[in-house]
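Q: CSV, C-alpha atoms and all ligand atoms, saved as input-v1.csv, coming up:
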chain,number,residue,atom,x,y,z
K,1,MET,CA,115.8,95.5,98.5
K,2,LEU,CA,112.9,94.8,100.9
K,3,VAL,CA,109.8,93.7,99.0
K,4,PHE,CA,106.5,93.1,100.7
K,5,SER,CA,104.8,90.0,99.2
K,6,SER,CA,101.4,91.6,99.5
K,7,PHE,CA,100.8,95.3,99.8
K,8,LYS,CA,97.2,94.7,100.8
K,9,GLU,CA,98.3,92.5,103.6
K,10,MET,CA,100.7,95.2,104.7
K,11,ALA,CA,98.0,97.9,104.4
K,12,MET,CA,95.8,96.1,106.9
K,13,LEU,CA,98.3,96.2,109.6
K,14,THR,CA,98.1,99.1,111.9
K,15,TYR,CA,101.2,100.7,113.3
K,16,ALA,CA,102.1,104.3,114.2
K,17,PHE,CA,104.1,106.3,111.7
K,18,TYR,CA,104.8,109.9,111.0
K,19,SER,CA,106.7,112.2,108.5
K,20,VAL,CA,110.0,113.8,109.4
K,21,ASN,CA,108.5,116.9,107.9
K,22,GLU,CA,106.1,117.2,110.8
K,23,ALA,CA,108.9,118.8,112.7
K,24,LYS,CA,108.8,121.8,110.3
K,25,LYS,CA,105.1,122.5,111.2
K,26,ALA,CA,103.8,124.4,114.2
K,27,ALA,CA,103.8,122.2,117.3
K,28,ASP,CA,100.0,122.0,117.4
K,29,LYS,CA,99.8,120.9,113.8
K,30,ARG,CA,102.1,118.0,114.1
K,31,VAL,CA,100.4,114.6,113.8
K,32,HIS,CA,101.2,110.9,113.6
K,33,HIS,CA,99.2,108.3,111.7
K,34,ASP,CA,98.3,104.8,112.7
K,35,ASN,CA,96.1,103.7,109.7
K,36,THR,CA,97.6,102.9,106.3
K,37,ASP,CA,94.3,103.9,104.7
K,38,CYS,CA,94.8,107.5,105.7
K,39,GLY,CA,95.1,109.8,102.7
K,40,PRO,CA,97.7,112.2,104.3
K,41,GLY,CA,99.5,109.2,105.7
K,42,LYS,CA,99.7,107.6,102.3
K,43,ALA,CA,101.1,110.8,100.8
K,44,ILE,CA,104.2,110.6,103.0
K,45,PRO,CA,107.1,109.5,100.8
K,46,PRO,CA,108.9,106.4,102.1
K,47,SER,CA,112.1,108.4,102.5
K,48,ASP,CA,110.3,110.8,104.9
K,49,LYS,CA,108.4,108.1,106.8
K,50,ARG,CA,109.4,107.1,110.3
K,51,TYR,CA,107.8,104.6,112.6
K,52,GLY,CA,106.4,105.6,115.9
K,53,LYS,CA,104.3,108.4,117.2
K,54,GLY,CA,106.9,111.0,116.7
K,55,PRO,CA,110.1,111.9,118.7
K,56,ILE,CA,110.1,109.8,121.9
K,57,ASN,CA,110.2,112.9,124.1
K,58,ASP,CA,107.6,114.8,122.1
K,59,PRO,CA,105.1,112.4,120.5
K,60,TYR,CA,102.5,113.9,118.1
K,61,ARG,CA,98.8,113.6,118.4
K,62,LEU,CA,96.8,111.2,116.1
K,63,CYS,CA,95.7,112.7,112.8
K,64,GLU,CA,92.0,113.4,112.4
K,65,ASP,CA,91.7,111.3,109.3
K,66,CYS,CA,93.2,108.2,111.0
K,67,GLU,CA,90.9,108.8,113.9
K,68,ALA,CA,87.8,108.9,111.6
K,69,ILE,CA,88.9,105.8,109.8
K,70,ASN,CA,89.6,103.9,113.0
K,71,LYS,CA,86.3,105.0,114.4
K,72,GLU,CA,84.5,103.8,111.3
K,73,ALA,CA,86.3,100.5,111.4
K,74,ALA,CA,85.4,100.1,115.1
K,75,GLU,CA,81.8,100.7,114.3
K,76,LYS,CA,81.9,98.2,111.4
K,77,ALA,CA,83.5,95.6,113.7
K,78,LYS,CA,80.8,96.2,116.2
K,79,MET,CA,78.1,95.7,113.6
K,80,TYR,CA,79.6,92.4,112.5
K,81,ARG,CA,79.8,91.2,116.1
K,82,THR,CA,76.1,91.7,116.8
K,101,ZN,ZN,96.5,109.9,109.3
When written as structure tokens, how does the structure in this file appear?
Ligand SMILES: [Zn+2]

A:
Amino acid sequence: MLVFSSFKEMAMLTYAFYSVNEAKKAADKRVHHDNTDCGPGKAIPPSDKRYGKGPINDPYRLCEDCEAINKEAAEKAKMYRT
């Protein structure tokens, strides 16, 4: 069994992932996530989770929640820098 030594450490990493169930949604509703703090992203059961932005030939757009979190993080980073 693969065990992560620190979940927090893992949660800080940003990588694209999506749910296999996105394929059941209408094409314009399909999204991928790239922030592990995203609520809908967190709700994806590990068994349904796939890494990447969706099927290689038909990638999904980024989910709005991830976009908002990323934007907020970018703003914060900017604040710390100045
Ligand atoms: Zn998301």

Q: How would you write, as a PDB file with C-alpha atoms, keeping the file's coordinate frame, the set of residues no farther than 6 Å from ligand ZN 101 (chain K) when counting all atoms listed in the file?

A:
ATOM      1  CA  HIS K  33      99.200 108.300 111.700  1.00  0.00           C
ATOM      2  CA  CYS K  38      94.800 107.500 105.700  1.00  0.00           C
ATOM      3  CA  PRO K  40      97.700 112.200 104.300  1.00  0.00           C
ATOM      4  CA  GLY K  41      99.500 109.200 105.700  1.00  0.00           C
ATOM      5  CA  CYS K  63      95.700 112.700 112.800  1.00  0.00           C
ATOM      6  CA  ASP K  65      91.700 111.300 109.300  1.00  0.00           C
ATOM      7  CA  CYS K  66      93.200 108.200 111.000  1.00  0.00           C
TER       8      CYS K  66
END

Q: Please report the interatomic distance between atom CA of K:Ala26 and atom CA of K:Pro45 in Å with one decimal.

A: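 We find that atom CA of K:Ala26 and atom CA of K:Pro45 lie 20.3 Å from each other.
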
Q: At most 10 Å from (95.2, 112.0, 116.1), file frame, only C-alpha atoms: which residues, as a PyMOL selection string?

A: chain K and resi 30-34+53+60-68

Q: Distance atom CA of K:Ala23-atom CA of K:Gly52, one decimal place?

A: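 Atom-to-atom, atom CA of K:Ala23 and atom CA of K:Gly52 are spaced 13.8 Å apart.
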
Q: Go through K:Asn21, K:Asn35, K:Tyr15, K:Lys29 and flag the residue nearest K:Ser47, using all atoms listed in the file for the distances.

A: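 So, comparing all the options, the nearest one is K:Asn21.
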
Q: Using all atoms listed in the file, pick whichever of K:Asp48, K:Lys42, K:Asp37, K:Ala16 has the shortest atom-to-atom distance to K:Ala73.

A: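 Under the stated criterion, the closest residue is K:Asp37.
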
Q: Can you report as lines of an AutoDock Vina configuration file the centre and edge lengths in Å, to one decimal, of an axis-aligned box around the listed atoms of stretch 57-62 of chain K padded with 8 Å on each side?

A:
center_x = 103.5
center_y = 113.0
center_z = 120.1
size_x = 29.4
size_y = 19.6
size_z = 24.0
